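Data block for coords28.cif (mmCIF, C-alpha atoms and all ligand atoms):
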```cif
data_entry
#
loop_
_atom_site.label_atom_id
_atom_site.label_comp_id
_atom_site.auth_asym_id
_atom_site.auth_seq_id
_atom_site.Cartn_x
_atom_site.Cartn_y
_atom_site.Cartn_z
CA MET A 73 311.82 1.13 91.20
CA ASN A 74 314.63 -1.35 91.67
CA ILE A 75 316.97 -1.20 88.73
CA ALA A 76 319.74 -3.51 87.53
CA LEU A 77 322.46 -2.10 85.30
CA ILE A 78 324.61 -4.45 83.22
CA GLY A 79 328.22 -3.51 82.47
CA SER A 80 331.37 -2.13 84.09
CA GLY A 81 332.80 0.75 82.07
CA GLY A 82 332.75 4.53 82.13
CA ARG A 83 329.48 4.45 80.19
CA GLU A 84 327.89 2.38 82.95
CA HIS A 85 329.24 4.67 85.67
CA VAL A 86 327.52 7.69 84.14
CA LEU A 87 324.34 5.69 83.47
CA CYS A 88 324.39 4.60 87.11
CA GLN A 89 324.87 8.18 88.27
CA LYS A 90 321.83 9.33 86.28
CA ILE A 91 319.71 6.43 87.53
CA TYR A 92 320.84 7.28 91.07
CA GLU A 93 319.77 10.91 90.59
CA SER A 94 316.32 9.87 89.33
CA LYS A 95 313.28 10.42 91.53
CA LEU A 96 311.97 7.04 90.40
CA SER A 97 314.85 4.78 91.40
CA LYS A 98 315.11 3.00 94.74
CA ASN A 99 317.69 0.21 94.86
CA ILE A 100 320.30 -0.06 92.12
CA ILE A 101 322.43 -3.11 91.45
CA CYS A 102 325.32 -3.08 88.98
CA ILE A 103 326.41 -6.31 87.39
CA PRO A 104 329.35 -6.24 87.80
CA GLY A 105 329.85 -2.44 88.07
CA ASN A 106 333.15 -0.78 89.02
CA PRO A 107 334.61 1.12 92.00
CA GLY A 108 332.79 4.24 90.78
CA THR A 109 329.34 2.63 90.76
CA LYS A 110 330.09 0.97 94.10
CA LYS A 111 329.67 4.34 95.81
CA ILE A 112 326.08 4.78 94.64
CA ALA A 113 324.86 1.24 93.97
CA LYS A 114 325.40 -2.36 95.00
CA ASN A 115 327.92 -4.12 92.78
CA ILE A 116 327.35 -7.80 92.18
CA ASP A 117 330.21 -9.74 90.66
CA LEU A 118 328.58 -12.08 88.18
CA ASP A 119 329.11 -13.16 84.58
CA PHE A 120 326.20 -11.40 82.90
CA LEU A 121 326.50 -13.64 79.84
CA ASN A 122 325.31 -16.49 82.04
CA PHE A 123 321.64 -15.56 81.56
CA GLN A 124 320.23 -18.20 83.94
CA LYS A 125 322.39 -17.02 86.83
CA LEU A 126 321.60 -13.43 85.95
CA LEU A 127 317.88 -14.14 86.04
CA LYS A 128 318.17 -15.64 89.52
CA THR A 129 319.92 -12.52 90.82
CA ILE A 130 317.38 -10.25 89.16
CA LYS A 131 314.50 -12.17 90.72
CA SER A 132 316.06 -12.29 94.16
CA HIS A 133 316.62 -8.51 94.14
CA LYS A 134 313.05 -7.85 92.94
CA ILE A 135 314.27 -5.86 89.97
CA ASP A 136 311.67 -3.83 88.07
CA LEU A 137 313.85 -2.81 85.15
CA VAL A 138 317.11 -4.02 83.63
CA VAL A 139 319.27 -1.55 81.69
CA VAL A 140 321.93 -3.05 79.43
CA GLY A 141 325.10 -1.02 78.81
CA PRO A 142 327.35 -3.06 76.46
CA GLU A 143 326.60 -4.75 73.13
CA GLU A 144 327.60 -8.33 73.76
CA PRO A 145 324.65 -9.39 75.94
CA LEU A 146 322.29 -7.60 73.53
CA VAL A 147 323.72 -9.38 70.50
CA ARG A 148 323.46 -12.68 72.40
CA GLY A 149 319.77 -12.09 73.07
CA ILE A 150 319.54 -10.92 76.68
CA VAL A 151 316.41 -8.89 75.92
CA ASP A 152 314.51 -11.81 74.37
CA PHE A 153 315.58 -14.06 77.26
CA LEU A 154 314.53 -11.67 80.04
CA ASN A 155 311.28 -10.72 78.32
CA LYS A 156 310.42 -14.41 78.05
CA HIS A 157 310.81 -14.57 81.83
CA LYS A 158 308.62 -11.50 82.31
CA VAL A 159 311.45 -9.14 83.23
CA LYS A 160 311.31 -5.61 81.84
CA VAL A 161 314.46 -4.61 80.04
CA PHE A 162 315.72 -1.59 78.13
CA GLY A 163 317.55 -2.47 74.90
CA PRO A 164 317.00 -4.01 71.46
CA ASN A 165 315.97 -7.61 70.77
CA LYS A 166 318.44 -10.14 69.38
CA TYR A 167 317.39 -9.72 65.75
CA ALA A 168 317.59 -5.91 65.86
CA ALA A 169 320.94 -6.08 67.70
CA LYS A 170 322.40 -7.63 64.54
CA LEU A 171 322.73 -4.05 63.32
CA GLU A 172 325.90 -4.09 65.42
CA GLY A 173 326.40 -7.86 65.73
CA SER A 174 326.79 -8.46 62.01
CA LYS A 175 328.29 -5.93 59.64
CA ALA A 176 327.05 -8.06 56.72
CA PHE A 177 323.47 -7.79 58.07
CA MET A 178 323.77 -4.02 58.47
CA LYS A 179 325.23 -3.61 54.98
CA SER A 180 322.51 -5.77 53.42
CA ILE A 181 319.88 -3.43 54.87
CA CYS A 182 321.82 -0.48 53.43
CA LYS A 183 321.81 -2.07 50.00
CA LYS A 184 318.14 -3.00 50.04
CA PHE A 185 316.99 0.44 51.22
CA LYS A 186 319.62 2.50 49.36
CA ILE A 187 321.06 3.91 52.58
CA PRO A 188 324.23 5.94 51.87
CA THR A 189 327.27 3.96 52.98
CA ALA A 190 330.68 2.93 51.62
CA GLN A 191 330.60 0.67 48.52
CA PHE A 192 331.19 -2.85 49.76
CA LYS A 193 331.25 -6.57 49.22
CA ILE A 194 330.46 -9.30 51.72
CA CYS A 195 333.30 -11.78 51.28
CA LYS A 196 333.34 -15.45 52.24
CA ASN A 197 336.61 -16.40 50.55
CA LYS A 198 339.68 -15.08 48.75
CA LYS A 199 337.90 -15.15 45.39
CA ASP A 200 335.36 -12.62 46.65
CA VAL A 201 338.18 -10.40 47.92
CA VAL A 202 340.07 -10.50 44.62
CA LYS A 203 336.89 -9.61 42.72
CA PHE A 204 336.23 -6.51 44.82
CA ILE A 205 339.84 -5.30 44.74
CA LYS A 206 339.85 -5.46 40.95
CA ASN A 207 337.27 -2.70 40.65
CA SER A 208 338.29 -0.47 43.59
CA LYS A 209 340.97 1.95 44.63
CA LEU A 210 343.21 1.60 47.69
CA PRO A 211 343.03 2.10 50.61
CA LEU A 212 340.25 -0.36 51.43
CA VAL A 213 338.74 -1.25 54.77
CA VAL A 214 338.51 -4.84 55.97
CA LYS A 215 335.85 -5.50 58.63
CA ALA A 216 335.25 -8.74 60.46
CA ASP A 217 331.55 -9.53 60.25
CA GLY A 218 330.84 -10.25 63.94
CA LEU A 219 331.65 -8.56 67.25
CA ALA A 220 335.38 -8.09 67.67
CA ALA A 221 335.76 -5.88 70.77
CA GLY A 222 336.85 -2.93 68.63
CA LYS A 223 339.61 -4.91 66.91
CA GLY A 224 337.77 -6.04 63.79
CA VAL A 225 338.38 -3.06 61.48
CA THR A 226 341.62 -2.49 59.53
CA ILE A 227 342.28 0.24 57.01
CA CYS A 228 344.57 -1.39 54.44
CA LYS A 229 346.90 0.59 52.19
CA THR A 230 348.22 -2.41 50.22
CA LYS A 231 346.72 -5.49 48.59
CA LYS A 232 349.13 -7.63 50.58
CA GLU A 233 347.70 -6.27 53.83
CA ILE A 234 344.16 -6.92 52.65
CA PHE A 235 344.99 -10.55 51.90
CA THR A 236 346.80 -11.07 55.22
CA ILE A 237 343.99 -9.60 57.32
CA SER A 238 341.19 -11.30 55.39
CA ASN A 239 342.94 -14.63 55.55
CA GLU A 240 343.08 -14.36 59.36
CA ILE A 241 339.35 -13.66 59.46
CA PHE A 242 338.49 -16.53 57.09
CA LYS A 243 340.54 -18.82 59.33
CA GLY A 244 338.41 -17.86 62.34
CA LYS A 245 340.42 -15.21 64.22
CA PHE A 246 337.15 -13.67 65.41
CA LYS A 247 335.22 -16.62 66.66
CA THR A 248 331.70 -15.35 65.98
CA SER A 249 331.96 -15.28 62.18
CA ARG A 250 334.31 -16.15 59.30
CA LYS A 251 332.80 -13.64 56.90
CA LEU A 252 334.05 -10.14 56.30
CA VAL A 253 332.94 -6.91 54.72
CA LEU A 254 335.42 -5.29 52.35
CA GLU A 255 334.60 -1.66 51.63
CA GLU A 256 335.86 1.57 50.15
CA PHE A 257 337.63 4.06 52.39
CA LEU A 258 335.57 7.17 53.11
CA ASN A 259 337.49 10.37 53.66
CA GLY A 260 335.49 12.85 55.73
CA GLU A 261 334.67 13.96 59.25
CA GLU A 262 333.31 11.38 61.70
CA ALA A 263 330.41 12.13 64.02
CA SER A 264 328.18 10.12 66.34
CA TYR A 265 324.44 10.72 66.37
CA PHE A 266 322.23 9.15 69.03
CA LEU A 267 318.57 8.24 69.24
CA ILE A 268 316.34 6.62 71.78
CA VAL A 269 313.81 4.35 70.11
CA ASP A 270 310.59 2.57 71.09
CA LYS A 271 308.38 0.38 68.91
CA LYS A 272 306.51 3.40 67.52
CA ASN A 273 308.64 6.51 68.10
CA TYR A 274 312.17 7.77 68.23
CA LYS A 275 313.76 10.85 69.78
CA PHE A 276 317.08 12.61 69.39
CA PHE A 277 319.46 11.65 72.19
CA GLY A 278 322.49 13.84 71.60
CA SER A 279 325.44 14.15 69.26
CA ALA A 280 329.14 13.79 69.97
CA GLN A 281 332.55 13.45 68.42
CA ASP A 282 334.91 10.78 69.61
CA HIS A 283 338.68 10.57 69.01
CA LYS A 284 339.47 7.00 68.03
CA ARG A 285 343.18 7.22 67.26
CA VAL A 286 345.57 6.80 70.16
CA GLY A 287 347.89 9.63 69.16
CA GLU A 288 347.58 13.38 68.91
CA ASN A 289 346.85 14.77 65.43
CA GLU A 290 344.83 11.59 64.76
CA ARG A 291 347.86 9.34 64.45
CA GLY A 292 348.49 5.78 65.52
CA PRO A 293 346.19 2.78 65.84
CA ASN A 294 342.46 2.88 66.59
CA THR A 295 341.29 2.59 70.18
CA GLY A 296 337.96 2.32 71.97
CA GLY A 297 337.96 6.13 72.16
CA MET A 298 340.42 8.57 73.76
CA GLY A 299 338.03 11.41 74.49
CA ALA A 300 334.85 13.03 73.27
CA TYR A 301 332.75 16.14 73.38
CA SER A 302 329.09 16.98 72.97
CA PRO A 303 327.33 18.51 71.14
CA ALA A 304 329.04 17.98 67.76
CA PRO A 305 328.59 21.27 65.88
CA ILE A 306 328.93 19.54 62.51
CA ILE A 307 325.46 18.04 63.05
CA ASN A 308 323.19 20.93 62.11
CA LYS A 309 319.47 20.88 61.27
CA ASP A 310 320.02 20.27 57.58
CA LEU A 311 322.34 17.32 58.16
CA GLU A 312 320.05 15.93 60.85
CA GLU A 313 317.14 15.84 58.42
CA LYS A 314 319.25 13.88 55.96
CA ILE A 315 320.41 11.44 58.66
CA ILE A 316 316.82 10.74 59.67
CA LYS A 317 315.37 10.52 56.18
CA LYS A 318 318.14 8.63 54.38
CA ILE A 319 319.51 6.45 57.18
CA VAL A 320 317.40 6.10 60.33
CA LYS A 321 313.86 5.81 58.94
CA PRO A 322 314.62 3.10 56.37
CA THR A 323 316.58 1.11 58.97
CA LEU A 324 313.80 1.20 61.55
CA LEU A 325 311.31 0.29 58.84
CA ALA A 326 313.42 -2.68 57.73
CA LEU A 327 313.24 -4.10 61.27
CA LYS A 328 309.54 -3.37 61.63
CA ASN A 329 308.88 -5.19 58.36
CA LYS A 330 310.50 -8.25 59.92
CA LYS A 331 308.22 -7.85 62.98
CA LYS A 332 311.31 -7.17 65.10
CA PRO A 333 311.07 -3.45 65.79
CA TYR A 334 314.06 -1.70 67.30
CA THR A 335 313.98 -0.38 70.88
CA GLY A 336 316.71 1.13 73.05
CA PHE A 337 319.60 3.47 72.35
CA LEU A 338 320.71 3.62 68.74
CA TYR A 339 324.18 4.92 67.94
CA VAL A 340 324.53 6.06 64.35
CA GLY A 341 328.23 6.25 63.42
CA LEU A 342 328.66 8.60 60.48
CA MET A 343 331.19 9.95 58.04
CA ILE A 344 330.25 13.39 56.76
CA ILE A 345 331.49 14.15 53.25
CA ASN A 346 330.54 17.41 51.51
CA LYS A 347 327.64 17.89 53.96
CA GLU A 348 326.24 14.43 53.16
CA PRO A 349 325.98 11.70 55.84
CA TYR A 350 327.29 8.17 55.15
CA LEU A 351 326.61 5.35 57.57
CA ILE A 352 329.84 3.81 58.87
CA GLU A 353 328.35 1.63 61.57
CA TYR A 354 325.47 1.13 63.93
CA ASN A 355 325.93 0.40 67.60
CA VAL A 356 322.95 -0.88 69.55
CA ARG A 357 323.92 0.89 72.78
CA MET A 358 325.34 4.22 73.89
CA GLY A 359 328.90 5.01 72.88
CA ASP A 360 331.76 4.91 75.32
CA PRO A 361 333.05 7.63 75.93
CA GLU A 362 330.22 9.46 74.10
CA CYS A 363 327.73 8.55 76.84
CA GLN A 364 329.96 10.29 79.39
CA VAL A 365 329.56 13.61 77.54
CA ILE A 366 325.89 13.28 76.57
CA LEU A 367 324.31 12.25 79.88
CA PRO A 368 325.79 15.13 81.95
CA ARG A 369 323.88 17.42 79.56
CA LEU A 370 320.54 15.64 80.07
CA LYS A 371 317.95 17.51 82.13
CA THR A 372 315.04 15.06 81.99
CA ASP A 373 314.88 12.18 84.48
CA LEU A 374 316.59 9.23 82.76
CA VAL A 375 314.44 6.57 84.42
CA LYS A 376 311.34 8.41 83.26
CA ILE A 377 312.73 8.19 79.74
CA PHE A 378 313.42 4.46 80.12
CA ASN A 379 309.87 3.90 81.34
CA ALA A 380 308.39 5.84 78.44
CA THR A 381 310.49 3.76 76.04
CA ILE A 382 309.51 0.35 77.32
CA ASN A 383 305.84 1.43 77.32
CA ASN A 384 306.14 2.78 73.75
CA ARG A 385 305.16 6.24 74.91
CA LEU A 386 308.23 8.25 73.93
CA ASN A 387 305.89 10.59 72.05
CA LYS A 388 304.30 11.55 75.37
CA ILE A 389 307.43 12.97 76.98
CA LYS A 390 309.78 15.82 76.23
CA ILE A 391 313.51 15.22 76.54
CA ASN A 392 315.26 18.39 77.68
CA TRP A 393 318.94 19.23 77.50
CA LYS A 394 321.06 21.71 79.42
CA LYS A 395 322.52 24.51 77.37
CA LEU A 396 325.98 23.31 78.33
CA LYS A 397 328.85 21.73 76.51
CA CYS A 398 330.65 18.71 77.84
CA MET A 399 334.02 17.07 77.25
CA THR A 400 335.73 13.98 78.56
CA ILE A 401 339.37 12.95 78.33
CA VAL A 402 340.30 9.33 78.83
CA LEU A 403 343.24 8.67 81.13
CA CYS A 404 344.80 5.46 79.77
CA SER A 405 347.39 2.99 80.99
CA LYS A 406 350.75 3.47 79.27
CA GLY A 407 351.03 1.11 76.30
CA TYR A 408 347.32 1.16 75.39
CA PRO A 409 345.95 -0.03 72.93
CA GLY A 410 348.87 -2.48 73.01
CA LYS A 411 350.28 -4.26 76.04
CA ILE A 412 349.57 -2.61 79.38
CA LYS A 413 350.35 -3.29 83.01
CA LYS A 414 347.44 -3.60 85.44
CA ASP A 415 347.21 -3.20 89.22
CA LYS A 416 348.91 0.20 89.29
CA LEU A 417 347.92 2.24 92.32
CA ILE A 418 345.78 5.35 91.72
CA LYS A 419 346.31 7.45 94.82
CA ASN A 420 344.94 10.90 94.59
CA ILE A 421 341.29 10.55 93.59
CA GLU A 422 339.69 10.43 97.02
CA ARG A 423 341.41 13.62 98.07
CA LEU A 424 340.15 15.64 95.11
CA ASN A 425 337.49 18.21 95.77
CA LEU A 426 335.67 18.39 92.48
CA LEU A 427 333.39 21.28 91.63
CA LYS A 428 329.80 20.55 90.61
CA ASN A 429 330.65 20.78 86.90
CA SER A 430 333.29 18.05 86.95
CA PHE A 431 333.09 14.28 87.22
CA ILE A 432 335.47 11.37 87.26
CA PHE A 433 333.90 8.30 85.73
CA HIS A 434 335.62 5.01 86.44
CA ALA A 435 336.30 2.60 83.58
CA GLY A 436 339.29 0.24 83.94
CA THR A 437 339.68 0.42 87.71
CA LYS A 438 339.21 -2.04 90.54
CA LEU A 439 339.68 -2.26 94.27
CA LYS A 440 342.52 -4.38 95.50
CA LYS A 441 342.79 -4.72 99.27
CA ASN A 442 340.57 -1.64 99.44
CA LYS A 443 342.96 0.40 97.34
CA LEU A 444 342.06 1.77 93.91
CA VAL A 445 344.21 0.28 91.13
CA SER A 446 344.11 0.16 87.32
CA ASN A 447 342.45 -2.77 85.64
CA GLY A 448 342.47 -2.02 81.91
CA GLY A 449 343.55 0.21 79.05
CA ARG A 450 341.08 3.03 79.50
CA VAL A 451 341.18 3.76 83.21
CA LEU A 452 339.35 6.99 84.08
CA ASN A 453 337.16 9.47 82.18
CA ILE A 454 337.83 13.00 83.38
CA THR A 455 334.73 14.95 82.45
CA SER A 456 333.66 18.55 82.73
CA THR A 457 330.84 20.81 81.54
CA GLY A 458 330.78 24.52 80.77
CA LYS A 459 330.08 27.13 78.14
CA VAL A 460 333.36 27.17 76.21
CA PHE A 461 335.22 24.03 75.13
CA LYS A 462 338.63 25.63 75.62
CA LYS A 463 337.89 26.41 79.27
CA ILE A 464 336.33 23.01 79.84
CA ARG A 465 339.46 21.33 78.55
CA LYS A 466 341.70 23.50 80.71
CA ASN A 467 339.68 22.44 83.71
CA ILE A 468 340.03 18.76 82.78
CA PHE A 469 343.81 19.17 82.41
CA LYS A 470 343.91 20.65 85.91
CA ILE A 471 342.13 17.65 87.36
CA ILE A 472 344.40 15.22 85.49
CA LYS A 473 347.43 17.05 86.88
CA MET A 474 346.01 16.71 90.38
CA ILE A 475 345.48 12.98 89.88
CA ASN A 476 349.12 12.88 88.75
CA TRP A 477 349.03 9.21 87.81
CA LYS A 478 352.49 8.32 86.61
CA TYR A 479 351.43 5.09 84.90
CA GLY A 480 349.06 6.86 82.55
CA PHE A 481 348.83 9.06 79.46
CA TYR A 482 346.13 11.03 77.68
CA ARG A 483 345.61 13.01 74.49
CA LYS A 484 346.07 16.74 74.97
CA ASP A 485 344.28 17.67 71.75
CA ILE A 486 340.80 16.31 72.45
CA GLY A 487 338.31 18.71 70.87
CA TRP A 488 340.79 20.20 68.37
CA ARG A 489 338.00 20.70 65.87
CA VAL A 490 336.08 22.97 68.25
CA ILE A 491 338.93 24.72 70.05
P1 LIG B 501 333.62 0.58 62.86
O1 LIG B 501 333.87 -0.51 63.86
O2 LIG B 501 332.90 0.18 61.65
O3 LIG B 501 333.10 1.82 63.50
O4 LIG B 501 335.07 1.09 62.44
C1 LIG B 501 335.95 1.65 63.36
C2 LIG B 501 336.53 2.92 62.83
O5 LIG B 501 337.20 2.67 61.58
C3 LIG B 501 335.51 3.99 62.50
O6 LIG B 501 335.15 4.72 63.59
C4 LIG B 501 336.28 4.80 61.47
O7 LIG B 501 337.19 5.67 62.10
C5 LIG B 501 337.06 3.76 60.72
N1 LIG B 501 336.32 3.33 59.51
C6 LIG B 501 335.43 2.32 59.43
N2 LIG B 501 334.95 2.21 58.18
C7 LIG B 501 335.54 3.17 57.45
C8 LIG B 501 335.46 3.57 56.07
N3 LIG B 501 334.69 2.93 55.19
N4 LIG B 501 336.21 4.61 55.69
C9 LIG B 501 337.00 5.27 56.57
N5 LIG B 501 337.14 4.94 57.86
C10 LIG B 501 336.41 3.89 58.31
N1 LIG B 502 333.28 5.29 71.15
C1 LIG B 502 333.04 4.27 70.22
C2 LIG B 502 332.14 3.21 70.68
O1 LIG B 502 331.52 3.29 71.71
O2 LIG B 502 332.01 2.23 69.97
#
```

Could you rewrite the structure in this file as structure tokens?
Ligand code: AMP
Ligand code: GLY
Amino acid sequence: MNIALIGSGGREHVLCQKIYESKLSKNIICIPGNPGTKKIAKNIDLDFLNFQKLLKTIKSHKIDLVVVGPEEPLVRGIVDFLNKHKVKVFGPNKYAAKLEGSKAFMKSICKKFKIPTAQFKICKNKKDVVKFIKNSKLPLVVKADGLAAGKGVTICKTKKEIFTISNEIFKGKFKTSRKLVLEEFLNGEEASYFLIVDKKNYKFFGSAQDHKRVGENERGPNTGGMGAYSPAPIINKDLEEKIIKKIVKPTLLALKNKKKPYTGFLYVGLMIINKEPYLIEYNVRMGDPECQVILPRLKTDLVKIFNATINNRLNKIKINWKKLKCMTIVLCSKGYPGKIKKDKLIKNIERLNLLKNSFIFHAGTKLKKNKLVSNGGRVLNITSTGKVFKKIRKNIFKIIKMINWKYGFYRKDIGWRVI
């Protein structure tokens, strides 16, 4: 099969690697891809949000299947568009993608189906905000309704902060929506639970724990994710049953009732409090960097899984996992998640001789005059598998030392809960 992969981050590099390793794949194009995918696929520099142009490229490369990495094209309806033009694509339709695209939509489903989540109010103006504050305790969490590239959530310790942040949102700071969700702060342990879903079935697709704060000991501002590991031991059988029964099943049913069944990866972002799961967020794609620790553990051919999904035959296949643990540490540009400098030379990667259990996934990198340079906040995902998290992390540190990139930093306490 000829496969097109949309996206350019670390998540897409590992997806590309797995597609490349599949017995079923022939030509792979990445739109736009990164220097990591360039080694195993053909990168095509194109704005994937321009669906007409994208369609032309897909047709001219005789693509049999499109796999969508990031959320934005999904929320904008790439699946509906390509399906209308008879192109097969892996991912949810536009309506279902609102689970991530609109926090108000997701919360309304929670309310209707009594899904455990933080108490909340959808606010359209200051009056709504004042009303909710009156009956709640601080801190509270302000969330922009629409997509906000990871910058839409603020945990507010004071009323003043709540008013400042909400006012910015009402004024249109995040262009997609002027609504917000105001909700209670949940104090627990976060975990990410993944499923792969077709119109009739769903299957477990791994668990992981991310580290969102930029600083060690979970300090500092939120980021896109500084490192992750899989599996997440907090997700045991008992908890999994609760997640499925109280959260996943009612959500999938809600979409089926609207005749817009969910398909694709489903990322269930959870807060675990006293062994009970609360839904924090849905993402309609794999997590980044969670994908980089889940896919190296996958035994089954990924393209076979994609095919089963788009044919609604997930019940006919078995998804097998290696009995290995996996961790990734994100090497970031200094200053991230604030101001960073780009175009900084990364010298030592080509010379590294990695063992079979280690991978470097590219994220914010690019080639400039044939030299590898940084191109974003999260630059490289140094990933390794093994039996013991402590040893895996040691191995990752070794690789980072060999890369010796003086413009970068990383968290040295990734996996503190399991080490
Ligand atoms: P979200 O975009 O909804 O995932 O929010 C980003 C991050 O903010 C989450 O991963 C949590 O760390 C934190 N967060 C979001 N909602 C809450 C909440 N109600 N209570 C505590 N932390 C939250
Ligand atoms: N790692 C968090 C996310 O992918 O949204």

Residues within 12 Å of segment 238-247 of chain A, only C-alpha atoms, excluding chain neighbours under 3 positions, as number ranges by chain
A: 194-202, 212-228, 231-235, 250-254

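Minimum atom-to-atom distances from A:Ile389, A:Leu427, A:Ile316, A:Leu367 to Leu87 of chain A were compared using all atoms listed in the file, and the lowest value belongs to A:Leu367.
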
Residues within 12 Å of Leu325 of chain A, all atoms listed in the file, excluding chain neighbours under 5 positions, as a PyMOL selection string
chain A and resi 168+181-182+184-185+271-273+316-320+330-334

Need the axis-aligned box for ligand LIG 502 (chain B) with 6 Å each side, so what are the centre and edges in Å to one decimal, as JSON?
```
{"center_x": 332.4, "center_y": 3.8, "center_z": 70.8, "size_x": 13.8, "size_y": 15.1, "size_z": 13.7}
```

Per residue of chain A within 6 Å of ligand LIG 501 (chain B), which atom pair is closest and at what distance in Å (one decimal), using all atoms listed in the file, listed by chain and increasing number, as a Markdown table?
```
| residue | atom | partner | partner_atom | distance |
| --- | --- | --- | --- | --- |
| A:Ala190 | CA | B:LIG501 | N3 | 5.4 |
| A:Val213 | CA | B:LIG501 | N3 | 5.8 |
| A:Val225 | CA | B:LIG501 | O4 | 5.4 |
| A:Glu255 | CA | B:LIG501 | N3 | 5.8 |
| A:Glu256 | CA | B:LIG501 | N3 | 5.3 |
| A:Phe257 | CA | B:LIG501 | N4 | 3.6 |
| A:Leu258 | CA | B:LIG501 | N4 | 3.7 |
| A:Asn259 | CA | B:LIG501 | C9 | 5.9 |
| A:Ile352 | CA | B:LIG501 | N2 | 5.4 |
| A:Glu353 | CA | B:LIG501 | O2 | 4.8 |
```

Please work out which residues fall within 12 Å of (313.5, 7.1, 85.0), coordinates as given in the file, with only C-alpha atoms counting, and return them as a ChimeraX atom specification.
/A:73-75,87-98,136-139,162,371-382,389,391

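Around ligand LIG 502 (chain B), the neighbouring residues within 9 Å, taking all atoms listed in the file, come to A:Arg83, A:Pro142, A:Ala221, A:Gly222, A:Ser264, A:Gln281, A:Asp282, A:His283, A:Lys284, A:Thr295, A:Gly296, A:Gly297, A:Met298, A:Gly299, A:Ala300, A:Tyr339, A:Gly341, A:Tyr354, A:Asn355, A:Arg357, A:Met358, A:Gly359, A:Asp360, A:Pro361, A:Glu362, A:Cys363.
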
Need to verify the contact set: Lys183 of chain A, 12 Å, all atoms listed in the file, exclusion of same-chain residues closer than 2 positions in sequence. Can you return it as a PyMOL selection string?
chain A and resi 176-181+185-194+319+322-323+326+351

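The shortest atom-to-atom distance to Ser456 of chain A, with all atoms listed in the file taken into account, belongs to A:Arg369 out of A:His434, A:Lys411, A:Lys110, A:Arg369.
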
Excluding segment 467-472 of chain A and its own-chain neighbours fewer than 5 positions away, which residues fall within 12 Å of it when counting all atoms listed in the file? Please give them as number ranges by chain.
A: 299, 398-404, 418, 420-421, 423-427, 429-432, 452-458, 460-462, 477-478, 480-486

Nearest candidate to Glu422 of chain A (options A:Val451, A:Leu311, A:Ala435, A:Met474; using all atoms listed in the file)
A:Met474

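When atom CA of Val269 of chain A is paired with atom CA of Phe123 of chain A, their separation reads 24.3 Å.
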
Using the atoms already present, construct N, CA, C and O atoms for segment 241-249 of chain A and hand them back as a tab-separated table (two decimals), in the frame of the given file.
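As written to disk, part_1.tsv reads:
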```
chain	number	residue	atom	x	y	z
A	241	ILE	N	340.79	-13.62	59.13
A	241	ILE	CA	339.35	-13.66	59.46
A	241	ILE	C	338.71	-14.94	58.92
A	241	ILE	O	337.98	-15.62	59.63
A	242	PHE	N	339.05	-15.30	57.66
A	242	PHE	CA	338.49	-16.53	57.09
A	242	PHE	C	338.88	-17.75	57.92
A	242	PHE	O	338.14	-18.71	58.01
A	243	LYS	N	340.07	-17.67	58.53
A	243	LYS	CA	340.54	-18.82	59.33
A	243	LYS	C	339.90	-18.86	60.72
A	243	LYS	O	340.13	-19.78	61.49
A	244	GLY	N	339.15	-17.80	61.07
A	244	GLY	CA	338.41	-17.86	62.34
A	244	GLY	C	339.02	-17.06	63.48
A	244	GLY	O	338.77	-17.37	64.65
A	245	LYS	N	339.81	-16.03	63.16
A	245	LYS	CA	340.42	-15.21	64.22
A	245	LYS	C	339.36	-14.64	65.16
A	245	LYS	O	339.55	-14.59	66.38
A	246	PHE	N	338.26	-14.17	64.57
A	246	PHE	CA	337.15	-13.67	65.41
A	246	PHE	C	336.10	-14.77	65.44
A	246	PHE	O	335.48	-15.07	64.42
A	247	LYS	N	335.91	-15.33	66.57
A	247	LYS	CA	335.22	-16.62	66.66
A	247	LYS	C	333.76	-16.58	66.18
A	247	LYS	O	333.24	-17.58	65.71
A	248	THR	N	333.13	-15.39	66.27
A	248	THR	CA	331.70	-15.35	65.98
A	248	THR	C	331.36	-15.53	64.50
A	248	THR	O	330.26	-15.92	64.17
A	249	SER	N	332.29	-15.19	63.59
A	249	SER	CA	331.96	-15.28	62.18
A	249	SER	C	333.23	-15.36	61.34
A	249	SER	O	334.26	-14.81	61.71
```
